[in-house]
>>> print(open('entry_6.cif').read())   # mmCIF, C-alpha atoms
data_target
loop_
_atom_site.label_atom_id
_atom_site.label_comp_id
_atom_site.auth_asym_id
_atom_site.auth_seq_id
_atom_site.Cartn_x
_atom_site.Cartn_y
_atom_site.Cartn_z
CA MET A 1 20.84 7.50 17.86
CA LYS A 2 20.66 8.14 14.11
CA LYS A 3 17.85 6.27 12.39
CA ARG A 4 18.21 4.99 8.83
CA VAL A 5 16.35 2.65 6.50
CA ILE A 6 17.95 0.88 3.56
CA LEU A 7 15.25 -0.54 1.26
CA ILE A 8 16.49 -2.91 -1.46
CA VAL A 9 14.15 -3.99 -4.25
CA LEU A 10 14.99 -7.24 -6.01
CA ASP A 11 13.19 -6.21 -9.17
CA SER A 12 10.38 -8.67 -10.07
CA ALA A 13 11.12 -11.24 -7.32
CA GLY A 14 7.47 -11.98 -6.50
CA ILE A 15 6.38 -14.83 -4.25
CA GLY A 16 3.09 -16.20 -5.55
CA TYR A 17 0.11 -15.07 -7.60
CA LEU A 18 -2.45 -12.70 -6.10
CA PRO A 19 -6.16 -13.57 -5.73
CA ASP A 20 -6.99 -11.38 -8.77
CA ALA A 21 -4.23 -12.87 -10.95
CA ALA A 22 -6.83 -14.30 -13.33
CA ASP A 23 -7.54 -10.73 -14.47
CA PHE A 24 -3.98 -10.68 -15.82
CA GLY A 25 -3.70 -14.28 -17.02
CA ASP A 26 -1.20 -14.97 -14.25
CA VAL A 27 -2.75 -17.79 -12.23
CA GLY A 28 0.09 -20.16 -11.30
CA ALA A 29 2.86 -17.56 -11.44
CA ASN A 30 5.31 -17.63 -8.54
CA THR A 31 8.75 -16.19 -9.22
CA PHE A 32 10.56 -17.29 -6.06
CA GLY A 33 8.59 -20.51 -5.60
CA ASN A 34 8.80 -21.78 -9.16
CA ILE A 35 12.50 -20.99 -9.44
CA TYR A 36 13.05 -22.98 -6.24
CA THR A 37 10.94 -25.98 -7.24
CA LYS A 38 11.95 -26.17 -10.90
CA HIS A 39 15.61 -25.22 -10.67
CA GLY A 40 16.75 -25.05 -7.06
CA LEU A 41 17.82 -22.02 -5.07
CA ASN A 42 20.54 -21.73 -2.43
CA VAL A 43 19.82 -18.54 -0.47
CA PRO A 44 20.63 -19.34 3.18
CA ASN A 45 20.95 -15.71 4.25
CA MET A 46 17.50 -14.76 3.01
CA VAL A 47 16.22 -17.93 4.70
CA SER A 48 17.74 -16.62 7.94
CA LEU A 49 15.62 -13.48 7.41
CA GLY A 50 12.47 -15.60 7.11
CA LEU A 51 12.16 -16.17 3.34
CA ALA A 52 11.33 -19.88 3.67
CA ASN A 53 8.45 -19.08 6.04
CA ILE A 54 6.75 -16.65 3.66
CA PRO A 55 3.77 -18.35 1.96
CA GLY A 56 4.66 -19.07 -1.65
CA SER A 57 8.38 -19.63 -1.20
CA GLN A 58 7.84 -23.41 -1.60
CA MET A 59 10.91 -23.90 0.63
CA PRO A 60 10.91 -26.18 3.68
CA HIS A 61 9.70 -24.26 6.73
CA SER A 62 12.58 -22.99 8.86
CA ASP A 63 12.72 -23.08 12.65
CA GLY A 64 15.58 -20.59 12.73
CA PRO A 65 17.72 -19.22 14.17
CA PHE A 66 16.44 -16.04 12.52
CA ARG A 67 18.17 -12.74 11.90
CA GLY A 68 15.09 -10.83 10.83
CA ALA A 69 11.32 -10.45 10.49
CA TRP A 70 9.24 -11.22 7.41
CA CYS A 71 5.89 -10.98 5.61
CA ARG A 72 4.32 -10.87 2.18
CA LEU A 73 2.38 -7.93 0.77
CA ALA A 74 -0.41 -7.59 -1.80
CA GLU A 75 -0.57 -4.74 -4.29
CA ARG A 76 -3.65 -2.55 -3.93
CA THR A 77 -3.12 -0.90 -7.33
CA HIS A 78 -4.66 -3.12 -10.03
CA ALA A 79 -1.40 -3.43 -11.93
CA LYS A 80 1.91 -5.27 -12.13
CA ASP A 81 4.40 -2.71 -13.36
CA THR A 82 7.55 -1.19 -11.92
CA THR A 83 6.16 2.30 -11.44
CA SER A 84 2.97 1.37 -9.61
CA GLY A 85 4.88 -1.12 -7.45
CA HIS A 86 7.52 1.37 -6.34
CA TRP A 87 5.02 4.18 -5.90
CA GLU A 88 2.81 2.02 -3.71
CA MET A 89 5.66 0.91 -1.47
CA ALA A 90 6.51 4.62 -1.17
CA GLY A 91 3.00 5.28 0.07
CA LEU A 92 1.07 6.12 -3.11
CA SER A 93 -1.36 3.59 -4.59
CA MET A 94 -3.37 4.35 -7.73
CA ASP A 95 -7.17 4.16 -7.98
CA VAL A 96 -6.93 4.02 -11.77
CA PRO A 97 -3.88 2.13 -13.06
CA PHE A 98 -1.82 3.14 -16.07
CA ARG A 99 -3.18 2.18 -19.50
CA THR A 100 -1.90 -0.86 -21.32
CA TYR A 101 -1.99 -1.52 -25.07
CA PRO A 102 -2.10 -5.30 -25.64
CA GLU A 103 -2.95 -4.78 -29.34
CA GLY A 104 -0.28 -2.15 -29.92
CA PHE A 105 -0.81 1.60 -30.03
CA PRO A 106 -3.69 3.04 -32.10
CA ALA A 107 -3.04 4.81 -35.39
CA ARG A 108 -3.98 8.21 -33.96
CA ILE A 109 -1.06 7.93 -31.50
CA MET A 110 1.46 6.48 -33.95
CA ASP A 111 0.63 8.90 -36.77
CA ALA A 112 1.05 11.89 -34.46
CA PHE A 113 4.26 10.45 -33.01
CA GLU A 114 5.83 9.86 -36.42
CA GLN A 115 4.94 13.38 -37.51
CA LYS A 116 6.53 14.88 -34.39
CA ILE A 117 9.80 12.91 -34.66
CA GLY A 118 10.07 13.21 -38.44
CA ARG A 119 10.52 9.48 -38.99
CA GLY A 120 8.45 6.41 -39.68
CA THR A 121 8.46 3.55 -37.16
CA LEU A 122 8.69 -0.23 -37.12
CA GLY A 123 6.95 -2.81 -34.97
CA ASN A 124 4.18 -1.32 -32.84
CA THR A 125 3.44 -4.68 -31.35
CA VAL A 126 3.63 -6.62 -28.09
CA ALA A 127 7.05 -8.25 -28.08
CA SER A 128 10.11 -9.32 -26.15
CA GLY A 129 12.72 -6.60 -26.45
CA THR A 130 15.55 -9.02 -27.09
CA ALA A 131 13.56 -10.83 -29.78
CA ILE A 132 12.23 -7.81 -31.66
CA ILE A 133 15.65 -6.25 -32.19
CA GLN A 134 16.80 -9.48 -33.86
CA GLU A 135 13.64 -9.53 -35.97
CA LEU A 136 13.61 -5.88 -37.03
CA GLY A 137 17.18 -4.74 -36.37
CA ASP A 138 18.38 -5.05 -39.96
CA GLU A 139 15.40 -3.08 -41.29
CA HIS A 140 15.95 -0.46 -38.62
CA VAL A 141 19.62 -0.06 -39.57
CA LYS A 142 18.64 0.23 -43.23
CA THR A 143 15.78 2.71 -42.78
CA GLY A 144 16.61 4.60 -39.58
CA LYS A 145 13.09 3.95 -38.30
CA PRO A 146 12.95 3.31 -34.52
CA ILE A 147 11.38 0.08 -33.29
CA ILE A 148 8.29 0.57 -31.13
CA TYR A 149 6.98 -2.19 -28.90
CA THR A 150 5.06 -2.72 -25.67
CA SER A 151 4.10 -5.55 -23.33
CA ALA A 152 1.37 -6.48 -20.88
CA ASP A 153 2.73 -3.62 -18.78
CA SER A 154 2.14 0.08 -19.30
CA VAL A 155 5.21 0.84 -21.41
CA PHE A 156 6.03 2.51 -24.74
CA GLN A 157 9.48 1.15 -25.61
CA ILE A 158 11.68 2.64 -28.31
CA ALA A 159 14.61 0.53 -29.53
CA ALA A 160 17.32 2.00 -31.72
CA HIS A 161 20.88 1.16 -32.76
CA GLU A 162 23.26 3.62 -31.09
CA GLU A 163 25.12 4.17 -34.38
CA VAL A 164 21.89 4.80 -36.31
CA ILE A 165 20.03 6.97 -33.82
CA PRO A 166 22.59 8.38 -31.35
CA LEU A 167 21.64 8.36 -27.69
CA PRO A 168 20.83 12.10 -27.42
CA GLU A 169 18.41 11.80 -30.35
CA LEU A 170 16.88 8.60 -28.96
CA TYR A 171 16.33 10.31 -25.63
CA ARG A 172 14.77 13.32 -27.41
CA ILE A 173 12.38 11.01 -29.24
CA CYS A 174 11.45 9.42 -25.93
CA GLU A 175 10.74 12.83 -24.43
CA ILE A 176 8.33 13.53 -27.29
CA ALA A 177 6.51 10.25 -26.63
CA ARG A 178 6.43 11.02 -22.92
CA GLU A 179 4.72 14.37 -23.56
CA MET A 180 2.14 12.67 -25.76
CA LEU A 181 1.23 9.70 -23.59
CA MET A 182 -0.60 11.58 -20.87
CA GLY A 183 -4.23 12.16 -19.91
CA ASP A 184 -6.55 9.49 -21.33
CA ASP A 185 -3.54 7.78 -22.98
CA LEU A 186 -1.45 7.75 -19.78
CA VAL A 187 1.42 5.26 -19.99
CA GLY A 188 3.56 4.50 -16.95
CA ARG A 189 6.93 4.61 -18.68
CA VAL A 190 8.48 5.46 -22.01
CA ILE A 191 11.72 3.49 -22.20
CA ALA A 192 14.75 4.08 -24.42
CA ARG A 193 16.16 0.67 -25.44
CA PRO A 194 19.46 1.27 -27.28
CA PHE A 195 21.36 -1.62 -28.84
CA LEU A 196 24.46 -2.44 -30.88
CA GLY A 197 25.45 -5.14 -33.37
CA SER A 198 24.94 -5.99 -37.03
CA ASP A 199 23.46 -8.45 -39.51
CA GLY A 200 20.72 -9.91 -37.34
CA ASN A 201 22.92 -10.23 -34.25
CA TYR A 202 22.06 -7.41 -31.88
CA THR A 203 22.60 -6.84 -28.16
CA ARG A 204 20.99 -4.25 -25.90
CA THR A 205 23.38 -1.88 -24.16
CA GLU A 206 23.21 -0.55 -20.60
CA ASN A 207 22.24 2.94 -21.81
CA ARG A 208 18.56 2.28 -21.19
CA LYS A 209 16.69 5.29 -19.86
CA ASP A 210 13.22 5.41 -18.35
CA PHE A 211 10.91 8.39 -18.81
CA ALA A 212 8.24 8.06 -16.13
CA VAL A 213 5.47 10.39 -15.05
CA ALA A 214 5.69 12.36 -11.84
CA PRO A 215 3.67 10.92 -8.95
CA MET A 216 0.19 12.46 -8.76
CA LYS A 217 0.56 13.01 -5.01
CA ASP A 218 3.50 13.21 -2.63
CA THR A 219 5.24 9.97 -1.73
CA ILE A 220 7.21 9.40 1.44
CA LEU A 221 10.28 10.51 -0.53
CA ASP A 222 8.80 13.99 -0.96
CA ALA A 223 7.73 14.06 2.67
CA LEU A 224 11.10 12.92 4.02
CA VAL A 225 12.93 15.61 2.05
CA ALA A 226 10.41 18.17 3.33
CA GLU A 227 11.35 17.05 6.85
CA GLY A 228 14.98 17.87 6.09
CA LEU A 229 16.07 14.24 5.74
CA THR A 230 18.43 12.93 3.06
CA THR A 231 17.13 10.36 0.60
CA VAL A 232 19.26 8.33 -1.83
CA GLY A 233 18.10 6.67 -5.06
CA VAL A 234 20.29 3.83 -6.32
CA GLY A 235 19.68 2.33 -9.76
CA LYS A 236 16.60 3.52 -11.65
CA ILE A 237 14.84 4.93 -8.57
CA GLU A 238 15.12 8.57 -9.68
CA ASP A 239 13.64 7.65 -13.08
CA ILE A 240 10.67 5.93 -11.45
CA PHE A 241 9.94 8.98 -9.30
CA CYS A 242 10.88 11.59 -11.94
CA ASN A 243 13.65 12.89 -9.67
CA ARG A 244 11.07 13.80 -7.05
CA GLY A 245 12.08 13.44 -3.42
CA ILE A 246 15.62 12.23 -4.21
CA SER A 247 18.47 14.11 -2.52
CA VAL A 248 21.32 11.96 -3.88
CA VAL A 249 21.33 9.95 -7.12
CA ASP A 250 23.59 6.97 -7.82
CA HIS A 251 22.35 5.66 -11.16
CA THR A 252 23.89 2.20 -11.19
CA LYS A 253 23.06 0.07 -14.23
CA ASN A 254 23.34 -3.49 -12.94
CA ASN A 255 23.08 -5.59 -9.81
CA ALA A 256 26.80 -5.71 -9.12
CA ALA A 257 27.12 -1.92 -9.06
CA GLY A 258 23.84 -1.48 -7.19
CA THR A 259 24.85 -3.96 -4.50
CA LEU A 260 28.22 -2.24 -4.08
CA ALA A 261 26.46 1.12 -3.78
CA ALA A 262 24.11 -0.23 -1.11
CA GLN A 263 27.08 -1.59 0.82
CA ARG A 264 28.90 1.71 0.48
CA PHE A 265 26.01 3.70 1.91
CA ILE A 266 25.55 1.21 4.75
CA ASP A 267 29.25 1.39 5.58
CA SER A 268 29.36 5.18 5.46
CA GLY A 269 26.46 5.79 7.80
CA GLU A 270 25.31 8.53 5.39
CA ALA A 271 21.74 9.53 4.48
CA ASP A 272 18.48 8.68 6.20
CA PHE A 273 16.65 6.63 3.57
CA VAL A 274 18.50 4.64 0.91
CA PHE A 275 16.19 3.25 -1.81
CA VAL A 276 17.88 0.68 -4.08
CA ASN A 277 16.60 -1.06 -7.21
CA LEU A 278 18.50 -4.12 -8.45
CA VAL A 279 17.28 -4.50 -12.02
CA ASP A 280 19.04 -7.57 -13.42
CA THR A 281 16.58 -10.13 -12.02
CA ASP A 282 13.83 -8.52 -14.10
CA MET A 283 15.61 -7.10 -17.14
CA LEU A 284 18.15 -9.83 -17.85
CA TYR A 285 16.46 -12.96 -16.51
CA GLY A 286 12.73 -12.63 -15.84
CA HIS A 287 11.83 -11.14 -19.20
CA ARG A 288 14.11 -13.62 -20.96
CA ASN A 289 12.74 -16.72 -19.22
CA ASP A 290 16.26 -17.44 -17.98
CA VAL A 291 15.56 -19.53 -14.88
CA ALA A 292 19.19 -20.43 -14.20
CA GLY A 293 20.30 -16.82 -14.62
CA TYR A 294 17.57 -15.57 -12.29
CA ALA A 295 18.51 -18.15 -9.66
CA LYS A 296 22.17 -17.20 -9.92
CA ALA A 297 21.36 -13.50 -9.52
CA LEU A 298 19.35 -14.22 -6.36
CA GLU A 299 22.16 -16.38 -5.00
CA THR A 300 24.74 -13.69 -5.77
CA PHE A 301 22.70 -11.12 -3.87
CA ASP A 302 22.24 -13.58 -1.02
CA ALA A 303 26.01 -14.01 -0.80
CA ALA A 304 26.37 -10.23 -0.41
CA LEU A 305 23.87 -10.06 2.48
CA PRO A 306 26.22 -11.04 5.36
CA ALA A 307 28.50 -8.05 4.73
CA MET A 308 25.48 -5.74 4.67
CA LEU A 309 24.02 -7.22 7.84
CA SER A 310 27.29 -7.06 9.74
CA ALA A 311 27.78 -3.41 8.73
CA LEU A 312 24.38 -2.25 9.98
CA LYS A 313 24.73 0.28 12.77
CA GLU A 314 22.55 0.92 15.79
CA GLY A 315 19.40 2.52 14.43
CA ASP A 316 19.73 0.99 10.94
CA ILE A 317 16.94 -1.09 9.43
CA LEU A 318 17.53 -3.10 6.24
CA MET A 319 14.51 -4.18 4.17
CA VAL A 320 14.65 -6.51 1.16
CA THR A 321 11.58 -6.75 -1.06
CA ALA A 322 10.33 -6.76 -4.68
CA ASP A 323 7.96 -4.65 -6.79
CA HIS A 324 5.97 -7.30 -8.77
CA GLY A 325 6.68 -10.70 -10.29
CA CYS A 326 8.31 -11.82 -13.54
CA ASP A 327 8.26 -15.60 -13.23
CA PRO A 328 10.86 -16.92 -15.70
CA THR A 329 9.17 -20.36 -15.68
CA PHE A 330 5.78 -18.91 -16.66
CA PRO A 331 4.50 -18.70 -20.27
CA GLY A 332 5.31 -15.40 -21.92
CA THR A 333 7.90 -12.80 -20.98
CA ASP A 334 5.78 -10.25 -19.14
CA HIS A 335 5.58 -9.24 -15.49
CA THR A 336 3.33 -11.40 -13.33
CA ARG A 337 0.72 -10.27 -10.78
CA GLU A 338 2.16 -11.51 -7.48
CA TYR A 339 2.59 -10.90 -3.80
CA ILE A 340 5.99 -9.52 -2.87
CA PRO A 341 8.20 -10.80 -0.04
CA LEU A 342 9.60 -8.51 2.64
CA MET A 343 12.52 -9.38 4.90
CA ILE A 344 13.59 -6.94 7.63
CA ALA A 345 16.78 -6.89 9.71
CA GLY A 346 18.76 -4.58 11.94
CA PRO A 347 20.22 -4.33 15.45
CA GLY A 348 16.86 -3.21 16.85
CA VAL A 349 14.62 -5.56 14.85
CA LYS A 350 12.82 -8.35 16.70
CA ALA A 351 14.13 -11.42 14.88
CA GLY A 352 11.71 -14.26 14.22
CA THR A 353 8.65 -12.02 13.82
CA ASP A 354 6.10 -13.17 11.24
CA LEU A 355 4.08 -10.14 10.09
CA GLY A 356 1.70 -12.28 8.04
CA THR A 357 0.08 -11.11 4.82
CA ARG A 358 -0.31 -7.35 4.38
CA GLU A 359 -3.05 -5.69 2.31
CA THR A 360 -0.88 -3.16 0.49
CA PHE A 361 2.74 -2.43 -0.42
CA ALA A 362 2.10 0.95 1.25
CA ASP A 363 2.67 -0.70 4.64
CA ILE A 364 6.37 -0.48 3.80
CA GLY A 365 6.20 3.27 3.25
CA ALA A 366 4.06 3.80 6.36
CA THR A 367 6.63 1.94 8.45
CA VAL A 368 9.62 3.76 6.99
CA TYR A 369 7.93 7.12 7.46
CA GLU A 370 6.92 6.45 11.06
CA TYR A 371 10.38 5.18 11.94
CA LEU A 372 12.21 8.18 10.46
CA THR A 373 9.78 10.95 11.46
CA GLY A 374 7.58 9.61 14.24
CA LYS A 375 4.54 10.54 12.14
CA THR A 376 1.72 8.58 10.50
CA TRP A 377 1.55 8.28 6.70
CA ARG A 378 -1.80 8.66 4.93
CA GLU A 379 -1.75 5.18 3.31
CA GLY A 380 -0.87 1.77 4.65
CA THR A 381 -0.51 0.43 8.16
CA SER A 382 2.85 0.68 9.88
CA PHE A 383 4.18 -2.52 11.44
CA LEU A 384 6.90 -0.65 13.32
CA GLU A 385 5.69 -1.59 16.80
CA GLU A 386 5.65 -5.26 15.81
CA ILE A 387 9.27 -5.38 14.70
CA LEU A 388 11.07 -3.18 17.28
#
>>> encode(input="entry_6.cif", output="structure tokens")
Amino acid sequence: MKKRVILIVLDSAGIGYLPDAADFGDVGANTFGNIYTKHGLNVPNMVSLGLANIPGSQMPHSDGPFRGAWCRLAERTHAKDTTSGHWEMAGLSMDVPFRTYPEGFPARIMDAFEQKIGRGTLGNTVASGTAIIQELGDEHVKTGKPIIYTSADSVFQIAAHEEVIPLPELYRICEIAREMLMGDDLVGRVIARPFLGSDGNYTRTENRKDFAVAPMKDTILDALVAEGLTTVGVGKIEDIFCNRGISVVDHTKNNAAGTLAAQRFIDSGEADFVFVNLVDTDMLYGHRNDVAGYAKALETFDAALPAMLSALKEGDILMVTADHGCDPTFPGTDHTREYIPLMIAGPGVKAGTDLGTRETFADIGATVYEYLTGKTWREGTSFLEEIL
């Protein structure tokens, strides 16, 4: 029997603030729960996988029938960003998190950056990406200076009009920033944020590109490839892992394409580990405080679940999770420090199993690794015996 795991990350779909959320100003954040209570959420298929019984969902407790197992997981890494979340679920937590710059980047960094790229810059502030391009877009078009901004997360974001700074040049500028922001100034991601438009009316395009750092140690992706297994990265997965441990790349740019890719790999029976990131919940709705849009995106994914579940083959395990929170009902537009939900299904999965609250996202990686190789991973505690 061929064994496969398909792991789908609903980007930012957290399920309640963590005990240390006060360190981040995130007490009260609950992406799933607050969307449900303040807007409403019709996700019957995720409920059949145990979503309503995960603490924080705020949904009425379900007595089944269930099609899967469930739990919630805490993040060991003291962070709330995409990179640390994905790395930890792939079996690599960080003792020292990436640096953040809540006051903007210091002059020593910006002066050196401007000298290297041969241009001045605009912004250098904490901002919403959609707001700052409206605020500074006209000046950028006039001067050719890229817009630099960050957030509560460890990011150095560079926004530029595609007709002012063409994509190849924007990506080159990002590579320069990536080389600089290492060591004591280590930033998790440098992100190219291209946009189009004119006269104060600008829209980001889908040509975003993330420049991450390579994981400091092997993740389960590296280890699976070393075992001769085939791994697939759908969405921005290969960016997050710097192309490490990825056999096949399908760089989808939105949820619709990512969901279709996941279905295609399930149907085909190909690969051993399929790692999918669905970015719209975070990028389009969480960061824009769009509660209705976020709810709709979750409902659209939920509607796609039955086809995935029915296509699972003997030996397949489907996992649906998140990487952090980004509560669209919460003040501000940043990620939120939350537990993540995990729902697990497959022909061999013991439906109705409540796995409780787990201490680290790395339990996901430990379980995937044990299932596919029969070996124990160095971090996390596998729950494989509890679900099979």
>>> resolve_selection(input="entry_6.cif", expression="the PyMOL selection byres ((chain A and resi 330) around 8)", output="list of chain:residue names")
A:Gly28, A:Ala29, A:Asn289, A:Asp327, A:Pro328, A:Thr329, A:Pro331, A:Gly332, A:Thr333
>>> resolve_selection(input="entry_6.cif", expression="the PyMOL selection byres ((chain A and resi 223) around 12)", output="PyMOL selection string")
chain A and resi 90-92+217-222+224-231+244-247+273+365-366+368-370+372-373+375-378
>>> write_last_selection(input="entry_6.cif", atoms="C-alpha atoms", output="short mmCIF file (atom, residue, chain, number, x, y, z; two decimals), keeping the file's coordinate frame")
data_model
loop_
_atom_site.label_atom_id
_atom_site.label_comp_id
_atom_site.auth_asym_id
_atom_site.auth_seq_id
_atom_site.Cartn_x
_atom_site.Cartn_y
_atom_site.Cartn_z
CA ALA A 90 6.51 4.62 -1.17
CA GLY A 91 3.00 5.28 0.07
CA LEU A 92 1.07 6.12 -3.11
CA LYS A 217 0.56 13.01 -5.01
CA ASP A 218 3.50 13.21 -2.63
CA THR A 219 5.24 9.97 -1.73
CA ILE A 220 7.21 9.40 1.44
CA LEU A 221 10.28 10.51 -0.53
CA ASP A 222 8.80 13.99 -0.96
CA LEU A 224 11.10 12.92 4.02
CA VAL A 225 12.93 15.61 2.05
CA ALA A 226 10.41 18.17 3.33
CA GLU A 227 11.35 17.05 6.85
CA GLY A 228 14.98 17.87 6.09
CA LEU A 229 16.07 14.24 5.74
CA THR A 230 18.43 12.93 3.06
CA THR A 231 17.13 10.36 0.60
CA ARG A 244 11.07 13.80 -7.05
CA GLY A 245 12.08 13.44 -3.42
CA ILE A 246 15.62 12.23 -4.21
CA SER A 247 18.47 14.11 -2.52
CA PHE A 273 16.65 6.63 3.57
CA GLY A 365 6.20 3.27 3.25
CA ALA A 366 4.06 3.80 6.36
CA VAL A 368 9.62 3.76 6.99
CA TYR A 369 7.93 7.12 7.46
CA GLU A 370 6.92 6.45 11.06
CA LEU A 372 12.21 8.18 10.46
CA THR A 373 9.78 10.95 11.46
CA LYS A 375 4.54 10.54 12.14
CA THR A 376 1.72 8.58 10.50
CA TRP A 377 1.55 8.28 6.70
CA ARG A 378 -1.80 8.66 4.93
#
>>> atom_distance(input="entry_6.cif", atom1="CA of Glu206 (chain A)", atom2="CA of Lys253 (chain A)")
6.4 Å
>>> resolve_selection(input="entry_6.cif", expression="the PyMOL selection byres ((chain A and resi 59-63) around 10)", output="MDAnalysis selection string")
chainID A and resid 32:33 36:37 40:41 47:48 50:58 64:66 352
>>> write_last_selection(input="entry_6.cif", atoms="C-alpha atoms", output="CSV table (one decimal), in the coordinates of the input")
chain,number,residue,atom,x,y,z
A,32,PHE,CA,10.6,-17.3,-6.1
A,33,GLY,CA,8.6,-20.5,-5.6
A,36,TYR,CA,13.0,-23.0,-6.2
A,37,THR,CA,10.9,-26.0,-7.2
A,40,GLY,CA,16.8,-25.0,-7.1
A,41,LEU,CA,17.8,-22.0,-5.1
A,47,VAL,CA,16.2,-17.9,4.7
A,48,SER,CA,17.7,-16.6,7.9
A,50,GLY,CA,12.5,-15.6,7.1
A,51,LEU,CA,12.2,-16.2,3.3
A,52,ALA,CA,11.3,-19.9,3.7
A,53,ASN,CA,8.4,-19.1,6.0
A,54,ILE,CA,6.8,-16.6,3.7
A,55,PRO,CA,3.8,-18.4,2.0
A,56,GLY,CA,4.7,-19.1,-1.6
A,57,SER,CA,8.4,-19.6,-1.2
A,58,GLN,CA,7.8,-23.4,-1.6
A,64,GLY,CA,15.6,-20.6,12.7
A,65,PRO,CA,17.7,-19.2,14.2
A,66,PHE,CA,16.4,-16.0,12.5
A,352,GLY,CA,11.7,-14.3,14.2
>>> residues_near_point(input="entry_6.cif", point="(3.8, 2.6, -19.7)", cutoff="6 Å", atoms="only C-alpha atoms", output="JSON, numbers by chain")
{"A": [154, 155, 156, 187, 188, 189, 190]}
>>> closest_residue(input="entry_6.cif", among="A:Gly25, A:Lys2, A:Leu49, A:Glu88", to="Asp272 (chain A)", atoms="all atoms listed in the file")
A:Lys2
>>> closest_residue(input="entry_6.cif", among="A:Ala152, A:Met308, A:Val279, A:Cys71", to="Ile344 (chain A)", atoms="all atoms listed in the file")
A:Cys71
>>> atom_distance(input="entry_6.cif", atom1="CA of Lys80 (chain A)", atom2="CA of Asp250 (chain A)")
25.3 Å
>>> atom_distance(input="entry_6.cif", atom1="CA of Thr259 (chain A)", atom2="CA of Asp26 (chain A)")
29.9 Å
>>> closest_residue(input="entry_6.cif", among="A:His161, A:Lys209, A:Lys142, A:Arg264", to="Glu175 (chain A)", atoms="all atoms listed in the file")
A:Lys209
>>> residues_around(input="entry_6.cif", residues="Thr336 (chain A)", least_positions_apart="2", cutoff="12 Å", atoms="only C-alpha atoms", output="MDAnalysis selection string")
chainID A and resid 11:18 20:32 75 78:82 85 151:153 282 286:287 323:334 338:340
>>> write_last_selection(input="entry_6.cif", atoms="C-alpha atoms", output="short mmCIF file (atom, residue, chain, number, x, y, z; two decimals), keeping the file's coordinate frame")
data_model
loop_
_atom_site.label_atom_id
_atom_site.label_comp_id
_atom_site.auth_asym_id
_atom_site.auth_seq_id
_atom_site.Cartn_x
_atom_site.Cartn_y
_atom_site.Cartn_z
CA ASP A 11 13.19 -6.21 -9.17
CA SER A 12 10.38 -8.67 -10.07
CA ALA A 13 11.12 -11.24 -7.32
CA GLY A 14 7.47 -11.98 -6.50
CA ILE A 15 6.38 -14.83 -4.25
CA GLY A 16 3.09 -16.20 -5.55
CA TYR A 17 0.11 -15.07 -7.60
CA LEU A 18 -2.45 -12.70 -6.10
CA ASP A 20 -6.99 -11.38 -8.77
CA ALA A 21 -4.23 -12.87 -10.95
CA ALA A 22 -6.83 -14.30 -13.33
CA ASP A 23 -7.54 -10.73 -14.47
CA PHE A 24 -3.98 -10.68 -15.82
CA GLY A 25 -3.70 -14.28 -17.02
CA ASP A 26 -1.20 -14.97 -14.25
CA VAL A 27 -2.75 -17.79 -12.23
CA GLY A 28 0.09 -20.16 -11.30
CA ALA A 29 2.86 -17.56 -11.44
CA ASN A 30 5.31 -17.63 -8.54
CA THR A 31 8.75 -16.19 -9.22
CA PHE A 32 10.56 -17.29 -6.06
CA GLU A 75 -0.57 -4.74 -4.29
CA HIS A 78 -4.66 -3.12 -10.03
CA ALA A 79 -1.40 -3.43 -11.93
CA LYS A 80 1.91 -5.27 -12.13
CA ASP A 81 4.40 -2.71 -13.36
CA THR A 82 7.55 -1.19 -11.92
CA GLY A 85 4.88 -1.12 -7.45
CA SER A 151 4.10 -5.55 -23.33
CA ALA A 152 1.37 -6.48 -20.88
CA ASP A 153 2.73 -3.62 -18.78
CA ASP A 282 13.83 -8.52 -14.10
CA GLY A 286 12.73 -12.63 -15.84
CA HIS A 287 11.83 -11.14 -19.20
CA ASP A 323 7.96 -4.65 -6.79
CA HIS A 324 5.97 -7.30 -8.77
CA GLY A 325 6.68 -10.70 -10.29
CA CYS A 326 8.31 -11.82 -13.54
CA ASP A 327 8.26 -15.60 -13.23
CA PRO A 328 10.86 -16.92 -15.70
CA THR A 329 9.17 -20.36 -15.68
CA PHE A 330 5.78 -18.91 -16.66
CA PRO A 331 4.50 -18.70 -20.27
CA GLY A 332 5.31 -15.40 -21.92
CA THR A 333 7.90 -12.80 -20.98
CA ASP A 334 5.78 -10.25 -19.14
CA GLU A 338 2.16 -11.51 -7.48
CA TYR A 339 2.59 -10.90 -3.80
CA ILE A 340 5.99 -9.52 -2.87
#
>>> residues_around(input="entry_6.cif", residues="Asp280 (chain A)", least_positions_apart="5", cutoff="12 Å", atoms="all atoms listed in the file", output="PyMOL selection string")
chain A and resi 9-13+206+235-236+252-259+285-288+290+293-298+300-301+326
